[in-house]
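Heads up, the thing below is written out as structure tokens.
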Amino acid sequence: EKENEASDSLTRYPDGSVKLRNPHIQLMDQDILYHIALGSESHDLIEMFGDVKFVCMGGTPKRMETFAHYIMEEIGYKLPTGTTLMDISQYSYRYSMYKVGPVISVSHGMGVASIGILLHEMIKLMYHAKAKEPIFIRIGTCGGLDLEPGTVVISDSVVDGLGNSFYSMPILGKIVKRPAILDKKLARELKALASVDDPYDTTVGTTMCAEDFYEGQGRIDGAFCDFTETDKMQYLEDLVKKGVKNIEMESLPFSALTHLAGIRAAIVCVTFLNRLKGDQVAAPKEVMNEYQERPQKLVARYIKKYLQSK
Ligand code: R2B
Ligand code: URA
């Protein structure tokens, strides 16, 4: 089945561990994962991360610390007595990373470049650790298109600002295009865990990945704007017609690089506002905090169910 390309035997070792599509790494004496403050010789990565089943990523250090505590409670994981949850990547001063049993919770910052760097290092981390079939899930925030604020959107496909389903990047002076593909089965499994009792909708659809928060998302409230409100509305309404449900800033590298590594991946975001109604993110802090718990709850349900079935 085409949709399950990520489980292709070409992309993984028979035992499910991550294969690297880079022959250079094996030849190196050590591999320093600079931005997460870990290294293949300075740390016993197999001992530290060999048991990882889920890598959950989200924009902010605080949200990912909160998620780590939340998932600890949900899966009933107990830290060894006398220890507390530690930011493993504290001394990188770039990203924050927590580990709760089989779950990693790591922040990725904002935008394509920031999550791209983290993905290189997290994929290499899974390779060095010999983790078996790890699943990557992005727990994020976004702008919604024609959706009630607070709606949870599970991405089943990703497009860039031109409508292409590729993550395009210049490498050695040439544009390299990589298909931005998510695991549709995983998206369906997540959607199935949305409850009729949830006081908000959970929907599945296309996500647009923008290079910018303001002009790149058709906002008229940035420091610059050379288009009219009418141009903006036409663009956003056209996106709605094409099935785009939300706009965020990391889905392209997230989907393309996990797919390239043969890692099953999903994106679950909550909408902070309806972009057809405005640009400013103005909901009160308490409301936004409650919104941000929604993707976490859905992902926790999935992780719990997965771990119970093993
Ligand atoms: C959602 O929120 C951030 C911008 O405010 C960005 O990281 C994203 O994808
Ligand atoms: N994050 C985005 O990238 N866009 C929004 O509108 C809200 C959050």
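Chains: A, B, ... in order of the structure tokens. Residues: from 1 per chain. Ligands: from 1, in order shown.
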* Enumerate residues in contact with ligand 1: an atom-to-atom distance of at most 12 Å, counting only C-alpha atoms and all ligand atoms. Format the result as number ranges by chain. => A: 57-61, 63, 107-115, 138-144, 207-214, 216-217, 246-254, 267-273, 279-281, 288, 292
Write out, as a short mmCIF file (atom, residue, chain, number, x, y, z; two decimals), in the first residue's frame, the residues just selected, with N, CA and C atoms.
```cif
data_model
loop_
_atom_site.label_atom_id
_atom_site.label_comp_id
_atom_site.auth_asym_id
_atom_site.auth_seq_id
_atom_site.Cartn_x
_atom_site.Cartn_y
_atom_site.Cartn_z
N MET A 57 7.38 16.22 19.29
CA MET A 57 8.03 17.52 19.11
C MET A 57 6.98 18.61 19.14
N GLY A 58 7.37 19.75 19.68
CA GLY A 58 6.50 20.92 19.65
C GLY A 58 7.36 22.16 19.74
N GLY A 59 6.78 23.30 19.45
CA GLY A 59 7.57 24.52 19.31
C GLY A 59 8.33 24.98 20.54
N THR A 60 7.62 25.04 21.70
CA THR A 60 8.24 25.72 22.84
C THR A 60 8.77 24.76 23.91
N PRO A 61 9.88 25.16 24.56
CA PRO A 61 10.42 24.35 25.66
C PRO A 61 9.39 24.11 26.76
N ARG A 63 6.01 24.03 26.63
CA ARG A 63 4.96 23.07 26.25
C ARG A 63 5.50 21.65 26.29
N SER A 107 11.57 20.18 22.16
CA SER A 107 11.12 21.42 21.50
C SER A 107 11.86 21.60 20.18
N HIS A 108 11.18 22.20 19.20
CA HIS A 108 11.83 22.38 17.89
C HIS A 108 11.97 23.83 17.45
N GLY A 109 11.52 24.77 18.28
CA GLY A 109 11.62 26.16 17.88
C GLY A 109 10.63 26.49 16.77
N MET A 110 10.84 27.63 16.12
CA MET A 110 9.90 28.06 15.08
C MET A 110 10.51 27.96 13.69
N GLY A 111 9.77 27.35 12.80
CA GLY A 111 10.11 27.41 11.39
C GLY A 111 10.90 26.25 10.85
N VAL A 112 10.95 26.24 9.51
CA VAL A 112 11.56 25.16 8.74
C VAL A 112 13.02 24.91 9.12
N ALA A 113 13.81 25.96 9.20
CA ALA A 113 15.24 25.76 9.46
C ALA A 113 15.47 25.17 10.85
N SER A 114 14.73 25.67 11.84
CA SER A 114 14.92 25.21 13.21
C SER A 114 14.52 23.73 13.35
N ILE A 115 13.36 23.36 12.85
CA ILE A 115 12.95 21.95 12.98
C ILE A 115 13.81 21.06 12.09
N ARG A 138 4.44 15.49 15.76
CA ARG A 138 4.53 16.91 16.07
C ARG A 138 3.22 17.34 16.72
N ILE A 139 3.35 17.96 17.91
CA ILE A 139 2.21 18.48 18.66
C ILE A 139 2.32 20.00 18.55
N GLY A 140 1.46 20.62 17.75
CA GLY A 140 1.70 22.03 17.48
C GLY A 140 0.50 22.94 17.58
N THR A 141 0.77 24.18 17.18
CA THR A 141 -0.27 25.20 17.10
C THR A 141 -0.30 25.71 15.66
N CYS A 142 -1.38 26.34 15.27
CA CYS A 142 -1.52 26.77 13.88
C CYS A 142 -2.64 27.78 13.75
N GLY A 143 -2.77 28.32 12.55
CA GLY A 143 -3.92 29.14 12.20
C GLY A 143 -4.90 28.25 11.46
N GLY A 144 -6.19 28.36 11.77
CA GLY A 144 -7.19 27.51 11.12
C GLY A 144 -7.84 28.21 9.95
N THR A 207 -2.35 20.45 5.40
CA THR A 207 -1.72 21.53 6.15
C THR A 207 -0.80 22.30 5.22
N MET A 208 -0.88 23.63 5.28
CA MET A 208 0.08 24.43 4.52
C MET A 208 1.22 24.86 5.43
N CYS A 209 2.44 24.64 4.95
CA CYS A 209 3.62 25.04 5.70
C CYS A 209 4.14 26.35 5.12
N ALA A 210 4.17 27.39 5.93
CA ALA A 210 4.63 28.71 5.48
C ALA A 210 6.06 28.95 5.95
N GLU A 211 6.74 29.84 5.25
CA GLU A 211 8.12 30.20 5.58
C GLU A 211 8.17 31.37 6.56
N ASP A 212 6.99 31.89 6.87
CA ASP A 212 6.92 33.10 7.67
C ASP A 212 5.58 33.13 8.38
N PHE A 213 5.50 33.85 9.48
CA PHE A 213 4.24 33.96 10.22
C PHE A 213 3.35 35.04 9.61
N TYR A 214 3.95 36.11 9.11
CA TYR A 214 3.18 37.27 8.65
C TYR A 214 2.87 37.22 7.14
N GLY A 216 4.05 35.56 4.70
CA GLY A 216 4.01 34.20 4.17
C GLY A 216 2.72 33.45 4.50
N GLN A 217 1.97 33.96 5.50
CA GLN A 217 0.68 33.35 5.83
C GLN A 217 -0.47 34.28 5.42
N ASN A 246 -5.29 24.13 7.72
CA ASN A 246 -4.54 24.96 8.66
C ASN A 246 -3.18 25.37 8.09
N ILE A 247 -2.61 26.40 8.72
CA ILE A 247 -1.31 26.92 8.30
C ILE A 247 -0.37 26.93 9.50
N GLU A 248 0.78 26.33 9.33
CA GLU A 248 1.82 26.40 10.38
C GLU A 248 3.18 26.51 9.69
N MET A 249 4.26 26.19 10.39
CA MET A 249 5.57 26.54 9.85
C MET A 249 6.63 25.44 9.86
N GLU A 250 6.24 24.20 10.17
CA GLU A 250 7.25 23.14 10.26
C GLU A 250 6.89 21.84 9.52
N SER A 251 5.66 21.76 9.01
CA SER A 251 5.19 20.47 8.49
C SER A 251 5.98 19.94 7.30
N LEU A 252 6.55 20.81 6.48
CA LEU A 252 7.26 20.32 5.29
C LEU A 252 8.51 19.52 5.65
N PRO A 253 9.48 20.08 6.36
CA PRO A 253 10.64 19.26 6.72
C PRO A 253 10.25 18.10 7.63
N PHE A 254 9.26 18.31 8.50
CA PHE A 254 8.86 17.22 9.41
C PHE A 254 8.37 16.01 8.61
N ILE A 267 1.20 14.74 12.42
CA ILE A 267 1.17 16.12 12.91
C ILE A 267 -0.22 16.41 13.46
N VAL A 268 -0.25 16.82 14.72
CA VAL A 268 -1.52 17.16 15.37
C VAL A 268 -1.40 18.58 15.91
N CYS A 269 -2.18 19.50 15.34
CA CYS A 269 -2.09 20.91 15.75
C CYS A 269 -3.45 21.42 16.20
N VAL A 270 -3.42 22.40 17.09
CA VAL A 270 -4.66 23.06 17.48
C VAL A 270 -4.68 24.45 16.83
N THR A 271 -5.86 24.85 16.35
CA THR A 271 -5.97 26.18 15.73
C THR A 271 -6.17 27.24 16.82
N PHE A 272 -5.39 28.31 16.73
CA PHE A 272 -5.51 29.41 17.70
C PHE A 272 -6.53 30.45 17.26
N LEU A 273 -6.82 30.47 15.96
CA LEU A 273 -7.76 31.47 15.43
C LEU A 273 -8.27 30.98 14.08
N ASP A 279 -6.26 38.12 11.79
CA ASP A 279 -4.84 37.78 11.78
C ASP A 279 -4.21 37.71 13.17
N GLN A 280 -4.71 38.55 14.07
CA GLN A 280 -4.07 38.65 15.38
C GLN A 280 -4.44 37.46 16.27
N VAL A 281 -3.42 36.96 16.96
CA VAL A 281 -3.66 35.89 17.93
C VAL A 281 -3.99 36.60 19.24
N MET A 288 -5.74 29.86 25.48
CA MET A 288 -4.70 29.27 24.63
C MET A 288 -4.03 28.09 25.32
N GLN A 292 -3.91 24.30 23.85
CA GLN A 292 -2.66 23.56 23.63
C GLN A 292 -2.67 22.16 24.26
#
```
* To do: Determine, counting only C-alpha atoms, which protein, DNA and RNA residues have an atom within 8 Å of an atom of segment 188-192 of chain A; residues of the same chain fewer than 2 positions away are not included. Present the result as a ChimeraX atom specification.
  => /A:154,184-186,194-195,202-204,298-299,302
Can you write just those residues out, C-alpha atoms, as a PDB file, in the first residue's frame?
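Written out: part-v5.pdb:
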```pdb
ATOM      1  CA  ILE A 154      -4.518  16.055  12.088  1.00  0.00           C
ATOM      2  CA  LYS A 184      -2.130   8.269   6.471  1.00  0.00           C
ATOM      3  CA  LYS A 185      -2.866   5.189   8.569  1.00  0.00           C
ATOM      4  CA  LEU A 186      -1.384   6.834  11.650  1.00  0.00           C
ATOM      5  CA  ALA A 194     -10.983  11.747  19.108  1.00  0.00           C
ATOM      6  CA  SER A 195     -13.939  11.393  21.438  1.00  0.00           C
ATOM      7  CA  THR A 202     -10.959  17.018  15.519  1.00  0.00           C
ATOM      8  CA  THR A 203     -10.556  17.021  11.767  1.00  0.00           C
ATOM      9  CA  VAL A 204      -8.187  15.547   9.185  1.00  0.00           C
ATOM     10  CA  LEU A 298      -5.109  12.988  21.690  1.00  0.00           C
ATOM     11  CA  VAL A 299      -1.467  11.966  21.366  1.00  0.00           C
ATOM     12  CA  TYR A 302      -2.556   7.048  21.193  1.00  0.00           C
TER      13      TYR A 302
END
```
* Asked: Could you state the separation of atom CA of Met86 of chain A and atom 4 (N, counted along the ligand's line) of ligand 2 in Å, given to one decimal place?
  ->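 Here the two named atoms are 29.6 Å from each other.
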* To do: Can you pull out every residue within 8 Å of Lys99 of chain A, counting only C-alpha atoms, but drop anything in the same chain fewer than 2 positions away, and send it as number ranges by chain?
  => A: 68, 85, 88, 97, 101-105
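Closest to Tyr127 of chain A among A:Ala265, A:Val158, A:Leu20, A:Ile303 is A:Leu20, based on only C-alpha atoms.
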* Proximity to Glu290 of chain A - best of A:Asp29, A:Tyr200, A:Val176, A:Met233, only C-alpha atoms ->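 Among the listed residues, A:Tyr200 lies closest to Glu290 of chain A.
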* Long-range neighbours of Gly16 of chain A as a PyMOL selection string, 8 Å cut-off, only C-alpha atoms, 3 positions minimum in chain -> chain A and resi 12-13+131-133
Write out, as a short mmCIF file (atom, residue, chain, number, x, y, z; two decimals), in the first residue's frame, the residues just selected, with N, CA and C atoms.
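part-v9.cif written:
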```cif
data_model
loop_
_atom_site.label_atom_id
_atom_site.label_comp_id
_atom_site.auth_asym_id
_atom_site.auth_seq_id
_atom_site.Cartn_x
_atom_site.Cartn_y
_atom_site.Cartn_z
N ARG A 12 14.52 0.62 6.52
CA ARG A 12 14.82 0.20 7.90
C ARG A 12 15.60 -1.09 7.93
N TYR A 13 16.28 -1.32 9.02
CA TYR A 13 16.91 -2.61 9.25
C TYR A 13 15.82 -3.62 9.61
N ALA A 131 17.03 2.47 18.29
CA ALA A 131 15.61 2.44 18.70
C ALA A 131 14.81 1.75 17.60
N LYS A 132 13.83 0.95 18.04
CA LYS A 132 13.06 0.14 17.09
C LYS A 132 11.76 0.83 16.67
N GLU A 133 11.62 1.07 15.39
CA GLU A 133 10.42 1.66 14.80
C GLU A 133 9.87 2.85 15.60
#
```
